[in-house]
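Text of the file data.pdb, holding PDB, C-alpha atoms:
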MODEL        1
ATOM      1  CA  MET A   1      47.612   4.900  47.590  1.00  0.00           C
ATOM      2  CA  ARG A   2      50.791   6.928  47.240  1.00  0.00           C
ATOM      3  CA  THR A   3      53.427   6.484  49.920  1.00  0.00           C
ATOM      4  CA  ILE A   4      55.407   9.313  51.452  1.00  0.00           C
ATOM      5  CA  ALA A   5      58.341   8.314  49.225  1.00  0.00           C
ATOM      6  CA  ASP A   6      56.255   9.084  46.124  1.00  0.00           C
ATOM      7  CA  ILE A   7      55.431  12.680  47.069  1.00  0.00           C
ATOM      8  CA  TYR A   8      57.779  15.506  46.091  1.00  0.00           C
ATOM      9  CA  THR A   9      55.984  18.632  47.279  1.00  0.00           C
ATOM     10  CA  PHE A  10      54.377  19.212  50.663  1.00  0.00           C
ATOM     11  CA  LYS A  11      52.374  22.026  52.199  1.00  0.00           C
ATOM     12  CA  ARG A  12      51.110  21.207  55.655  1.00  0.00           C
ATOM     13  CA  VAL A  13      50.989  22.055  59.333  1.00  0.00           C
ATOM     14  CA  GLU A  14      53.210  19.947  61.568  1.00  0.00           C
ATOM     15  CA  LYS A  15      52.515  19.844  65.309  1.00  0.00           C
ATOM     16  CA  LYS A  16      55.177  18.265  67.512  1.00  0.00           C
ATOM     17  CA  TYR A  17      54.794  16.606  70.892  1.00  0.00           C
ATOM     18  CA  ARG A  18      57.429  15.236  73.244  1.00  0.00           C
ATOM     19  CA  VAL A  19      55.981  11.997  74.657  1.00  0.00           C
ATOM     20  CA  THR A  20      57.105   9.047  76.741  1.00  0.00           C
ATOM     21  CA  ALA A  21      56.771   5.418  75.734  1.00  0.00           C
ATOM     22  CA  GLN A  22      53.764   5.197  78.057  1.00  0.00           C
ATOM     23  CA  ASP A  23      52.172   8.262  76.435  1.00  0.00           C
ATOM     24  CA  LYS A  24      52.588   6.615  73.041  1.00  0.00           C
ATOM     25  CA  GLU A  25      50.991   3.394  74.257  1.00  0.00           C
ATOM     26  CA  ASN A  26      48.082   5.272  75.835  1.00  0.00           C
ATOM     27  CA  LEU A  27      47.414   7.340  72.714  1.00  0.00           C
ATOM     28  CA  LEU A  28      47.567   4.376  70.342  1.00  0.00           C
ATOM     29  CA  SER A  29      45.105   2.513  72.533  1.00  0.00           C
ATOM     30  CA  GLU A  30      42.728   5.479  72.111  1.00  0.00           C
ATOM     31  CA  ILE A  31      43.118   6.099  68.375  1.00  0.00           C
ATOM     32  CA  GLY A  32      44.502   2.835  66.989  1.00  0.00           C
ATOM     33  CA  ASP A  33      41.251   1.969  65.196  1.00  0.00           C
ATOM     34  CA  HIS A  34      41.654   5.138  63.093  1.00  0.00           C
ATOM     35  CA  LEU A  35      45.215   4.364  61.959  1.00  0.00           C
ATOM     36  CA  ILE A  36      46.853   2.451  59.119  1.00  0.00           C
ATOM     37  CA  PRO A  37      50.615   1.773  59.234  1.00  0.00           C
ATOM     38  CA  ASP A  38      52.545   3.552  56.492  1.00  0.00           C
ATOM     39  CA  SER A  39      54.273   1.340  53.922  1.00  0.00           C
ATOM     40  CA  HIS A  40      57.487   2.732  55.449  1.00  0.00           C
ATOM     41  CA  GLY A  41      55.801   2.307  58.854  1.00  0.00           C
ATOM     42  CA  LYS A  42      58.911   1.220  60.709  1.00  0.00           C
ATOM     43  CA  SER A  43      62.064   2.657  59.220  1.00  0.00           C
ATOM     44  CA  THR A  44      65.381   4.276  59.998  1.00  0.00           C
ATOM     45  CA  ILE A  45      65.564   7.805  58.622  1.00  0.00           C
ATOM     46  CA  CYS A  46      68.888   9.538  58.030  1.00  0.00           C
ATOM     47  CA  SER A  47      69.128  13.242  57.211  1.00  0.00           C
ATOM     48  CA  LEU A  48      72.363  14.925  56.183  1.00  0.00           C
ATOM     49  CA  TYR A  49      72.007  18.670  56.830  1.00  0.00           C
ATOM     50  CA  LEU A  50      73.861  21.167  54.645  1.00  0.00           C
ATOM     51  CA  ASP A  51      75.006  24.458  56.119  1.00  0.00           C
ATOM     52  CA  THR A  52      77.607  27.192  55.859  1.00  0.00           C
ATOM     53  CA  PRO A  53      80.936  26.955  57.757  1.00  0.00           C
ATOM     54  CA  ASP A  54      79.467  29.157  60.518  1.00  0.00           C
ATOM     55  CA  PHE A  55      76.120  27.277  60.579  1.00  0.00           C
ATOM     56  CA  LEU A  56      74.145  30.247  59.280  1.00  0.00           C
ATOM     57  CA  LEU A  57      71.045  28.256  58.280  1.00  0.00           C
ATOM     58  CA  ILE A  58      70.479  26.619  61.640  1.00  0.00           C
ATOM     59  CA  ARG A  59      71.387  29.759  63.601  1.00  0.00           C
ATOM     60  CA  ASN A  60      68.834  31.708  61.565  1.00  0.00           C
ATOM     61  CA  SER A  61      66.298  28.938  62.085  1.00  0.00           C
ATOM     62  CA  ILE A  62      66.778  28.945  65.857  1.00  0.00           C
ATOM     63  CA  ALA A  63      66.544  32.733  66.071  1.00  0.00           C
ATOM     64  CA  ALA A  64      63.647  33.222  63.628  1.00  0.00           C
ATOM     65  CA  ARG A  65      60.011  33.411  64.654  1.00  0.00           C
ATOM     66  CA  THR A  66      58.335  33.684  61.245  1.00  0.00           C
ATOM     67  CA  TYR A  67      60.581  32.027  58.631  1.00  0.00           C
ATOM     68  CA  LYS A  68      62.880  28.995  58.853  1.00  0.00           C
ATOM     69  CA  GLU A  69      64.804  27.236  56.094  1.00  0.00           C
ATOM     70  CA  LYS A  70      66.852  24.028  55.905  1.00  0.00           C
ATOM     71  CA  LEU A  71      68.683  22.056  53.217  1.00  0.00           C
ATOM     72  CA  ARG A  72      69.181  18.323  53.614  1.00  0.00           C
ATOM     73  CA  ILE A  73      69.636  14.971  51.936  1.00  0.00           C
ATOM     74  CA  ARG A  74      67.349  12.265  53.313  1.00  0.00           C
ATOM     75  CA  SER A  75      67.520   8.485  53.025  1.00  0.00           C
ATOM     76  CA  TYR A  76      65.374   5.671  54.336  1.00  0.00           C
ATOM     77  CA  GLY A  77      67.938   3.273  55.734  1.00  0.00           C
ATOM     78  CA  THR A  78      71.624   3.259  54.773  1.00  0.00           C
ATOM     79  CA  PRO A  79      72.058   3.776  51.019  1.00  0.00           C
ATOM     80  CA  ASP A  80      74.912   2.663  48.803  1.00  0.00           C
ATOM     81  CA  GLU A  81      76.166   4.897  46.011  1.00  0.00           C
ATOM     82  CA  ASN A  82      73.262   3.842  43.779  1.00  0.00           C
ATOM     83  CA  GLY A  83      70.689   4.025  46.577  1.00  0.00           C
ATOM     84  CA  ARG A  84      67.741   6.417  46.376  1.00  0.00           C
ATOM     85  CA  VAL A  85      67.924   9.629  48.403  1.00  0.00           C
ATOM     86  CA  PHE A  86      65.957  12.882  48.453  1.00  0.00           C
ATOM     87  CA  PHE A  87      67.543  16.318  48.155  1.00  0.00           C
ATOM     88  CA  GLU A  88      65.167  18.597  50.065  1.00  0.00           C
ATOM     89  CA  ILE A  89      64.444  22.228  50.810  1.00  0.00           C
ATOM     90  CA  LYS A  90      62.297  22.567  53.916  1.00  0.00           C
ATOM     91  CA  LYS A  91      60.798  25.949  54.767  1.00  0.00           C
ATOM     92  CA  LYS A  92      58.449  27.030  57.529  1.00  0.00           C
ATOM     93  CA  PHE A  93      56.538  30.279  57.240  1.00  0.00           C
ATOM     94  CA  LYS A  94      54.010  31.419  59.848  1.00  0.00           C
ATOM     95  CA  GLY A  95      53.540  27.863  61.086  1.00  0.00           C
ATOM     96  CA  VAL A  96      53.066  26.253  57.670  1.00  0.00           C
ATOM     97  CA  VAL A  97      55.710  23.818  56.394  1.00  0.00           C
ATOM     98  CA  TYR A  98      56.647  23.780  52.711  1.00  0.00           C
ATOM     99  CA  LYS A  99      58.886  20.987  51.467  1.00  0.00           C
ATOM    100  CA  ARG A 100      60.219  20.496  47.943  1.00  0.00           C
ATOM    101  CA  ARG A 101      62.445  17.595  47.008  1.00  0.00           C
ATOM    102  CA  VAL A 102      64.091  15.740  44.162  1.00  0.00           C
ATOM    103  CA  SER A 103      64.807  12.006  44.086  1.00  0.00           C
ATOM    104  CA  MET A 104      68.293  10.955  42.980  1.00  0.00           C
ATOM    105  CA  THR A 105      71.012   8.444  43.733  1.00  0.00           C
ATOM    106  CA  LEU A 106      73.448   9.093  46.545  1.00  0.00           C
ATOM    107  CA  SER A 107      76.242   9.343  43.995  1.00  0.00           C
ATOM    108  CA  GLN A 108      74.320  12.031  42.085  1.00  0.00           C
ATOM    109  CA  ALA A 109      73.697  13.970  45.298  1.00  0.00           C
ATOM    110  CA  GLU A 110      77.393  13.886  46.212  1.00  0.00           C
ATOM    111  CA  ASN A 111      78.420  14.967  42.699  1.00  0.00           C
ATOM    112  CA  TYR A 112      75.949  17.841  42.861  1.00  0.00           C
ATOM    113  CA  ILE A 113      77.282  19.065  46.212  1.00  0.00           C
ATOM    114  CA  GLU A 114      80.943  18.749  45.249  1.00  0.00           C
ATOM    115  CA  HIS A 115      80.877  19.659  41.556  1.00  0.00           C
ATOM    116  CA  GLY A 116      77.503  21.291  40.865  1.00  0.00           C
ATOM    117  CA  LEU A 117      76.410  18.523  38.465  1.00  0.00           C
ATOM    118  CA  ARG A 118      72.612  18.717  38.361  1.00  0.00           C
ATOM    119  CA  PRO A 119      70.994  15.259  38.204  1.00  0.00           C
ATOM    120  CA  GLU A 120      67.934  16.605  36.366  1.00  0.00           C
ATOM    121  CA  GLU A 121      66.382  19.737  34.937  1.00  0.00           C
ATOM    122  CA  SER A 122      63.199  20.639  36.786  1.00  0.00           C
ATOM    123  CA  GLN A 123      61.549  23.508  38.629  1.00  0.00           C
ATOM    124  CA  ILE A 124      62.344  22.007  42.026  1.00  0.00           C
ATOM    125  CA  MET A 125      65.963  21.382  41.030  1.00  0.00           C
ATOM    126  CA  SER A 126      66.231  25.020  39.975  1.00  0.00           C
ATOM    127  CA  GLU A 127      64.918  26.083  43.396  1.00  0.00           C
ATOM    128  CA  ILE A 128      67.502  23.880  45.116  1.00  0.00           C
ATOM    129  CA  ASP A 129      70.191  25.290  42.826  1.00  0.00           C
ATOM    130  CA  TYR A 130      69.200  28.859  43.717  1.00  0.00           C
ATOM    131  CA  THR A 131      69.246  28.128  47.443  1.00  0.00           C
ATOM    132  CA  MET A 132      72.638  26.436  47.195  1.00  0.00           C
ATOM    133  CA  SER A 133      73.994  29.465  45.332  1.00  0.00           C
ATOM    134  CA  PHE A 134      72.400  31.923  47.784  1.00  0.00           C
ATOM    135  CA  TYR A 135      74.203  30.281  50.711  1.00  0.00           C
ATOM    136  CA  ARG A 136      77.459  29.970  48.710  1.00  0.00           C
ATOM    137  CA  GLN A 137      77.404  26.205  48.256  1.00  0.00           C
ATOM    138  CA  PRO A 138      76.810  24.865  51.780  1.00  0.00           C
ATOM    139  CA  LYS A 139      78.335  21.492  52.684  1.00  0.00           C
ATOM    140  CA  PRO A 140      77.268  18.625  54.963  1.00  0.00           C
ATOM    141  CA  ARG A 141      77.610  19.749  58.616  1.00  0.00           C
ATOM    142  CA  MET A 142      75.436  17.355  60.654  1.00  0.00           C
ATOM    143  CA  LEU A 143      73.922  13.895  60.245  1.00  0.00           C
ATOM    144  CA  ILE A 144      70.724  13.110  62.153  1.00  0.00           C
ATOM    145  CA  ALA A 145      69.297   9.569  62.363  1.00  0.00           C
ATOM    146  CA  TYR A 146      66.329   8.049  64.161  1.00  0.00           C
ATOM    147  CA  GLU A 147      63.780   5.252  64.096  1.00  0.00           C
ATOM    148  CA  ARG A 148      60.281   6.167  62.947  1.00  0.00           C
ATOM    149  CA  ASP A 149      56.869   4.541  63.356  1.00  0.00           C
ATOM    150  CA  ALA A 150      54.509   6.166  60.853  1.00  0.00           C
ATOM    151  CA  PHE A 151      50.751   5.945  60.416  1.00  0.00           C
ATOM    152  CA  TYR A 152      48.065   7.300  58.116  1.00  0.00           C
ATOM    153  CA  VAL A 153      44.535   8.033  59.258  1.00  0.00           C
ATOM    154  CA  LYS A 154      41.791   5.988  57.588  1.00  0.00           C
ATOM    155  CA  ASP A 155      39.905   8.001  54.957  1.00  0.00           C
ATOM    156  CA  MET A 156      42.295  10.915  55.584  1.00  0.00           C
ATOM    157  CA  PRO A 157      45.524  10.020  53.720  1.00  0.00           C
ATOM    158  CA  ASN A 158      46.902  13.537  54.165  1.00  0.00           C
ATOM    159  CA  LEU A 159      46.829  13.188  57.947  1.00  0.00           C
ATOM    160  CA  ARG A 160      49.906  11.389  59.250  1.00  0.00           C
ATOM    161  CA  ILE A 161      51.100  10.633  62.764  1.00  0.00           C
ATOM    162  CA  THR A 162      54.719   9.678  63.349  1.00  0.00           C
ATOM    163  CA  PHE A 163      56.763   8.674  66.385  1.00  0.00           C
ATOM    164  CA  ASP A 164      60.548   9.237  66.243  1.00  0.00           C
ATOM    165  CA  SER A 165      62.831   7.532  68.765  1.00  0.00           C
ATOM    166  CA  ASN A 166      66.541   6.957  69.414  1.00  0.00           C
ATOM    167  CA  ILE A 167      67.376  10.316  67.826  1.00  0.00           C
ATOM    168  CA  ARG A 168      71.131  10.615  67.343  1.00  0.00           C
ATOM    169  CA  TYR A 169      73.616  12.828  65.559  1.00  0.00           C
ATOM    170  CA  ARG A 170      77.211  13.138  64.479  1.00  0.00           C
ATOM    171  CA  GLN A 171      79.366  15.961  63.109  1.00  0.00           C
ATOM    172  CA  GLU A 172      82.105  13.797  61.676  1.00  0.00           C
ATOM    173  CA  ASP A 173      82.117  11.034  59.052  1.00  0.00           C
ATOM    174  CA  LEU A 174      79.348  12.867  57.215  1.00  0.00           C
ATOM    175  CA  PHE A 175      78.521  10.192  54.661  1.00  0.00           C
ATOM    176  CA  LEU A 176      75.093   8.555  54.509  1.00  0.00           C
ATOM    177  CA  GLU A 177      76.637   5.338  53.205  1.00  0.00           C
ATOM    178  CA  HIS A 178      78.632   4.992  56.435  1.00  0.00           C
ATOM    179  CA  GLY A 179      75.589   4.120  58.528  1.00  0.00           C
ATOM    180  CA  ASN A 180      73.413   5.744  61.173  1.00  0.00           C
ATOM    181  CA  LYS A 181      75.605   5.732  64.265  1.00  0.00           C
ATOM    182  CA  GLY A 182      75.700   8.852  66.433  1.00  0.00           C
ATOM    183  CA  LYS A 183      75.361  10.389  69.868  1.00  0.00           C
ATOM    184  CA  THR A 184      71.858  10.211  71.317  1.00  0.00           C
ATOM    185  CA  LEU A 185      69.896  13.416  71.947  1.00  0.00           C
ATOM    186  CA  LEU A 186      67.051  12.250  74.192  1.00  0.00           C
ATOM    187  CA  PRO A 187      66.442   9.608  76.874  1.00  0.00           C
ATOM    188  CA  GLU A 188      65.663   6.114  75.617  1.00  0.00           C
ATOM    189  CA  ASP A 189      61.937   6.202  76.428  1.00  0.00           C
ATOM    190  CA  VAL A 190      61.242   9.625  74.890  1.00  0.00           C
ATOM    191  CA  TYR A 191      59.636  10.020  71.457  1.00  0.00           C
ATOM    192  CA  ILE A 192      59.034  13.039  69.273  1.00  0.00           C
ATOM    193  CA  MET A 193      55.517  12.653  67.924  1.00  0.00           C
ATOM    194  CA  GLU A 194      54.351  14.697  64.944  1.00  0.00           C
ATOM    195  CA  VAL A 195      50.854  15.240  63.602  1.00  0.00           C
ATOM    196  CA  LYS A 196      51.113  16.322  59.971  1.00  0.00           C
ATOM    197  CA  THR A 197      48.017  17.597  58.204  1.00  0.00           C
ATOM    198  CA  ASP A 198      46.966  19.860  55.357  1.00  0.00           C
ATOM    199  CA  GLY A 199      43.751  20.750  57.173  1.00  0.00           C
ATOM    200  CA  ALA A 200      42.204  20.906  60.608  1.00  0.00           C
ATOM    201  CA  MET A 201      42.853  18.203  63.199  1.00  0.00           C
ATOM    202  CA  PRO A 202      39.795  15.949  63.645  1.00  0.00           C
ATOM    203  CA  LEU A 203      37.937  16.253  66.929  1.00  0.00           C
ATOM    204  CA  TRP A 204      38.496  12.622  67.895  1.00  0.00           C
ATOM    205  CA  LEU A 205      42.265  13.199  67.749  1.00  0.00           C
ATOM    206  CA  SER A 206      42.073  16.459  69.729  1.00  0.00           C
ATOM    207  CA  HIS A 207      39.973  14.712  72.380  1.00  0.00           C
ATOM    208  CA  ALA A 208      42.401  11.775  72.569  1.00  0.00           C
ATOM    209  CA  LEU A 209      45.395  14.082  72.981  1.00  0.00           C
ATOM    210  CA  ALA A 210      43.600  15.947  75.760  1.00  0.00           C
ATOM    211  CA  LYS A 211      42.557  12.708  77.479  1.00  0.00           C
ATOM    212  CA  CYS A 212      46.163  11.458  77.402  1.00  0.00           C
ATOM    213  CA  GLU A 213      47.395  14.885  78.592  1.00  0.00           C
ATOM    214  CA  ILE A 214      49.700  15.270  75.599  1.00  0.00           C
ATOM    215  CA  LEU A 215      50.584  18.895  74.872  1.00  0.00           C
ATOM    216  CA  PRO A 216      52.440  20.473  71.909  1.00  0.00           C
ATOM    217  CA  SER A 217      56.179  20.940  72.398  1.00  0.00           C
ATOM    218  CA  SER A 218      58.520  22.671  69.958  1.00  0.00           C
ATOM    219  CA  PHE A 219      61.504  20.538  68.989  1.00  0.00           C
ATOM    220  CA  SER A 220      64.089  20.680  66.197  1.00  0.00           C
ATOM    221  CA  LYS A 221      66.394  17.689  65.803  1.00  0.00           C
ATOM    222  CA  TYR A 222      69.088  19.662  63.974  1.00  0.00           C
ATOM    223  CA  GLY A 223      68.659  22.694  66.238  1.00  0.00           C
ATOM    224  CA  THR A 224      68.907  20.597  69.401  1.00  0.00           C
ATOM    225  CA  ALA A 225      72.007  18.805  68.132  1.00  0.00           C
ATOM    226  CA  TYR A 226      73.599  22.126  67.166  1.00  0.00           C
ATOM    227  CA  ASN A 227      72.877  23.598  70.609  1.00  0.00           C
ATOM    228  CA  GLU A 228      74.314  20.522  72.299  1.00  0.00           C
ATOM    229  CA  GLN A 229      77.522  20.819  70.278  1.00  0.00           C
ATOM    230  CA  LEU A 230      77.646  24.525  71.071  1.00  0.00           C
ATOM    231  CA  ALA A 231      77.289  23.779  74.789  1.00  0.00           C
ATOM    232  CA  ILE A 232      80.184  21.311  74.548  1.00  0.00           C
ATOM    233  CA  LYS A 233      82.329  23.964  72.832  1.00  0.00           C
ATOM    234  CA  LEU A 234      81.449  26.523  75.491  1.00  0.00           C
ATOM    235  CA  LYS A 235      82.299  24.070  78.264  1.00  0.00           C
ATOM    236  CA  ASN A 236      85.618  23.133  76.665  1.00  0.00           C
ATOM    237  CA  THR A 237      86.466  26.787  76.039  1.00  0.00           C
ATOM    238  CA  ARG A 238      85.696  27.767  79.620  1.00  0.00           C
ATOM    239  CA  GLU A 239      87.892  24.942  80.871  1.00  0.00           C
ATOM    240  CA  ARG A 240      90.750  26.092  78.641  1.00  0.00           C
ATOM    241  CA  THR A 241      90.334  29.780  79.386  1.00  0.00           C
ATOM    242  CA  SER A 242      90.054  29.088  83.107  1.00  0.00           C
ATOM    243  CA  ALA A 243      93.410  27.368  82.927  1.00  0.00           C
ATOM    244  CA  ASP A 244      94.825  30.289  80.921  1.00  0.00           C
ATOM    245  CA  SER A 245      93.052  32.960  83.039  1.00  0.00           C
ATOM    246  CA  LYS A 246      91.359  34.328  79.926  1.00  0.00           C
ATOM    247  CA  ASP A 247      87.679  34.615  79.068  1.00  0.00           C
ATOM    248  CA  VAL A 248      87.459  33.977  75.332  1.00  0.00           C
ATOM    249  CA  LEU A 249      84.578  32.277  73.526  1.00  0.00           C
ATOM    250  CA  PRO A 250      84.632  30.664  70.092  1.00  0.00           C
ATOM    251  CA  ARG A 251      83.433  33.040  67.382  1.00  0.00           C
ATOM    252  CA  GLU A 252      80.340  30.979  66.548  1.00  0.00           C
ATOM    253  CA  ALA A 253      79.378  30.909  70.221  1.00  0.00           C
ATOM    254  CA  CYS A 254      79.580  34.693  70.428  1.00  0.00           C
ATOM    255  CA  GLU A 255      77.459  34.999  67.290  1.00  0.00           C
ATOM    256  CA  TYR A 256      74.819  32.651  68.660  1.00  0.00           C
ATOM    257  CA  VAL A 257      74.565  34.519  71.966  1.00  0.00           C
ATOM    258  CA  THR A 258      73.837  37.774  70.145  1.00  0.00           C
ATOM    259  CA  VAL A 259      70.997  36.532  67.878  1.00  0.00           C
TER     260      VAL A 259
ENDMDL
END

Give the structure from this file in structure tokens form.
Amino acid sequence: MRTIADIYTFKRVEKKYRVTAQDKENLLSEIGDHLIPDSHGKSTICSLYLDTPDFLLIRNSIAARTYKEKLRIRSYGTPDENGRVFFEIKKKFKGVVYKRRVSMTLSQAENYIEHGLRPEESQIMSEIDYTMSFYRQPKPRMLIAYERDAFYVKDMPNLRITFDSNIRYRQEDLFLEHGNKGKTLLPEDVYIMEVKTDGAMPLWLSHALAKCEILPSSFSKYGTAYNEQLAIKLKNTRERTSADSKDVLPREACEYVTV
């Protein structure tokens, strides 16, 4: 069976749920017999998000209802310069997620971002190249890391259930090889659960979610981290302007308020 690390194109629906540790335990007790741990079942995932200087991609993503787009480099664990990473385009259109990615070394990814040196010639690489050019060569702006428990459903390998915990971020030291430290986004006992499928959700899973009183909840790791940083900027600006008797907001804050 292929693992998630062997797949380079995705088209699926992803439903997110914000659950407590107790919710997770209750659900797994209901559906555990249906699940198989992923080969990367317990792993630390690090995603380095690329964006423009004024964070156009994430601002558009937060404001959009129909279409969202993100560029990122993802690693499983902390890579060295020769470690394997994935350069990804993730798009969401009318609730369906499309992901295209290319595997490369961290060194190749950094050389591509800084110098435009393509690590391979392929259709997906051309799509990444176009997107990078469209946004005028975006750079790393945010690193998101978290622990993930991942499962497949027996006899339904395209149905995955994941639990992400200890979600953290940083806006400085934006190098994957420097580890996964960061400021936490959610309380310690809160998980973001995702059900990822290319078809309908089976009835047994729907019934288990209802029995455990687990409801869908929209959540973006990058978007939440961006909003938290924006709130900090607003707070700091208000403190400064209060001292100066002026009411001036940072430009990016003004732009966000108007979208």

Which residues, written as a compact mmCIF listing (two decimals) with C-alpha atoms, in the frame of the given file, have at least one atom at most 7 Å from Arg141 (chain A), with only C-alpha atoms counted and residues fewer than 4 positions away on the same chain left out?
# COMPACT_ATOMS: atom_id res chain seq x y z
CA TYR A 49 72.01 18.67 56.83
CA LEU A 50 73.86 21.17 54.64
CA ASP A 51 75.01 24.46 56.12
CA GLN A 171 79.37 15.96 63.11

Distance table requested - region 161-217 of chain A against region 64-75 of chain A, cut-off 12 Å, only C-alpha atoms: one row per qualifying residue with the closest atom pair and its distance in Å to one decimal, ordered by chain and rising residue number, as a tab-separated table.
residue	atom	partner	partner_atom	distance
A:Leu174	CA	A:Ile73	CA	11.3
A:Phe175	CA	A:Ile73	CA	10.5
A:Leu176	CA	A:Ser75	CA	7.7
A:Glu177	CA	A:Ser75	CA	9.6
A:Gly179	CA	A:Ser75	CA	10.7
A:Asn180	CA	A:Ser75	CA	10.4

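Of note, CA of Glu30 (chain A) and CA of Ala208 (chain A) are spaced 6.3 Å apart.
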
* Smallest atom-to-atom distance to Arg170 (chain A): which of A:Ser217, A:Asp80, A:Leu56, A:Ser47, using all atoms listed in the file? -> A:Ser47

* Compute the distance from (64.9, 1.6, 51.4) to each atom, counting only C-alpha atoms, keep the residues with any atom at most 10 Å away, and return them as a ChimeraX atom specification; use the coordinates of the file. => /A:5,40,43-45,75-79,83-85

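For the pair CA of Phe163 (chain A) and CA of Asn26 (chain A), the separation is 13.3 Å.
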
* To do: Can you turn the PyMOL selection byres ((chain A and resi 131-136) around 12) into a concrete residue list for this file, as a PyMOL selection string?
  => chain A and resi 50-57+69-72+87-91+100+112-114+116+118+124-130+137-140

* **Protein and nucleic acid residues near (50.3, 14.6, 63.8) (cut-off 10 Å, all atoms listed in the file) as number ranges by chain** => A: 13-17, 150-153, 159-163, 193-197, 201, 205

* To do: Report the residues retrieved by the PyMOL selection byres ((chain A and resi 18) around 12) from the displayed file, expressed as an MDAnalysis selection string.
  => chainID A and resid 15:17 19:24 162:165 186:187 189:195 213:221

* So how far away is CA of Ile62 (chain A) from CA of Leu234 (chain A), in Å? ->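 Between these atoms lies a distance of 17.7 Å.
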
* Structure fact -> One residue among A:Leu143, A:Gly223, A:Arg101, A:Ser39 is nearest to Ala63 (chain A) when using only C-alpha atoms, and that residue is A:Gly223

As lines of an AutoDock Vina configuration file, please: the centre and edge lengths in Å, to one decimal, of an axis-aligned box enclosing every listed atom of region 15-29 of chain A with 4 Å added on each side.
center_x = 51.3
center_y = 11.2
center_z = 71.7
size_x = 20.3
size_y = 25.3
size_z = 20.7

* Determine the nearest neighbour of Gly95 (chain A) from the options A:Arg240, A:Leu230, A:Lys11, A:Lys181, counting only C-alpha atoms. =>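 That would be A:Lys11, the residue with the smallest distance to Gly95 (chain A).
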
* To do: Quick one: apply the PyMOL selection byres ((chain A and resi 183) around 9) to the file and drop the selected residues here as a list in words.
  =>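 When the PyMOL selection byres ((chain A and resi 183) around 9) is applied to the shown file, the picked residues are Ile167, Arg168, Tyr169, Arg170, Lys181, Gly182, Thr184 and Leu185 of chain A.
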
Dump as a CSV table (one decimal), in the coordinates of the input, selection limited to C-alpha atoms:
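See again_24.csv below for the written result:
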chain,number,residue,atom,x,y,z
A,167,ILE,CA,67.4,10.3,67.8
A,168,ARG,CA,71.1,10.6,67.3
A,169,TYR,CA,73.6,12.8,65.6
A,170,ARG,CA,77.2,13.1,64.5
A,181,LYS,CA,75.6,5.7,64.3
A,182,GLY,CA,75.7,8.9,66.4
A,184,THR,CA,71.9,10.2,71.3
A,185,LEU,CA,69.9,13.4,71.9

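Take the candidates A:Arg12, A:Lys211, A:Arg238, A:Arg148 and check each one against Lys42 (chain A) using only C-alpha atoms; the shortest distance goes to A:Arg148.
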
Please complete region 138-147 of chain A so it has N, CA, C and O atoms, and hand it over as a PDB file, in the frame of the given file.
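Output file result_9.pdb follows:
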ATOM      1  N   PRO A 138      76.656  25.499  50.467  1.00  0.00           N
ATOM      2  CA  PRO A 138      76.810  24.865  51.780  1.00  0.00           C
ATOM      3  C   PRO A 138      77.200  23.394  51.640  1.00  0.00           C
ATOM      4  O   PRO A 138      76.890  22.747  50.628  1.00  0.00           O
ATOM      5  N   LYS A 139      77.845  22.871  52.669  1.00  0.00           N
ATOM      6  CA  LYS A 139      78.335  21.492  52.684  1.00  0.00           C
ATOM      7  C   LYS A 139      77.683  20.727  53.837  1.00  0.00           C
ATOM      8  O   LYS A 139      77.101  21.322  54.749  1.00  0.00           O
ATOM      9  N   PRO A 140      77.787  19.402  53.835  1.00  0.00           N
ATOM     10  CA  PRO A 140      77.268  18.625  54.963  1.00  0.00           C
ATOM     11  C   PRO A 140      77.925  19.050  56.273  1.00  0.00           C
ATOM     12  O   PRO A 140      79.152  19.148  56.356  1.00  0.00           O
ATOM     13  N   ARG A 141      77.098  19.308  57.309  1.00  0.00           N
ATOM     14  CA  ARG A 141      77.610  19.749  58.616  1.00  0.00           C
ATOM     15  C   ARG A 141      77.114  18.872  59.768  1.00  0.00           C
ATOM     16  O   ARG A 141      77.738  18.864  60.828  1.00  0.00           O
ATOM     17  N   MET A 142      75.990  18.161  59.570  1.00  0.00           N
ATOM     18  CA  MET A 142      75.436  17.355  60.654  1.00  0.00           C
ATOM     19  C   MET A 142      74.611  16.217  60.059  1.00  0.00           C
ATOM     20  O   MET A 142      73.864  16.423  59.104  1.00  0.00           O
ATOM     21  N   LEU A 143      74.760  15.018  60.636  1.00  0.00           N
ATOM     22  CA  LEU A 143      73.922  13.895  60.245  1.00  0.00           C
ATOM     23  C   LEU A 143      73.018  13.532  61.422  1.00  0.00           C
ATOM     24  O   LEU A 143      73.499  13.355  62.541  1.00  0.00           O
ATOM     25  N   ILE A 144      71.724  13.472  61.151  1.00  0.00           N
ATOM     26  CA  ILE A 144      70.724  13.110  62.153  1.00  0.00           C
ATOM     27  C   ILE A 144      70.074  11.796  61.727  1.00  0.00           C
ATOM     28  O   ILE A 144      69.682  11.649  60.565  1.00  0.00           O
ATOM     29  N   ALA A 145      69.952  10.848  62.659  1.00  0.00           N
ATOM     30  CA  ALA A 145      69.297   9.569  62.363  1.00  0.00           C
ATOM     31  C   ALA A 145      68.332   9.221  63.486  1.00  0.00           C
ATOM     32  O   ALA A 145      68.532   9.624  64.635  1.00  0.00           O
ATOM     33  N   TYR A 146      67.298   8.465  63.150  1.00  0.00           N
ATOM     34  CA  TYR A 146      66.329   8.049  64.161  1.00  0.00           C
ATOM     35  C   TYR A 146      65.448   6.949  63.590  1.00  0.00           C
ATOM     36  O   TYR A 146      65.393   6.728  62.371  1.00  0.00           O
ATOM     37  N   GLU A 147      64.759   6.256  64.487  1.00  0.00           N
ATOM     38  CA  GLU A 147      63.780   5.252  64.096  1.00  0.00           C
ATOM     39  C   GLU A 147      62.393   5.903  64.082  1.00  0.00           C
ATOM     40  O   GLU A 147      62.071   6.686  64.977  1.00  0.00           O
TER      41      GLU A 147
END
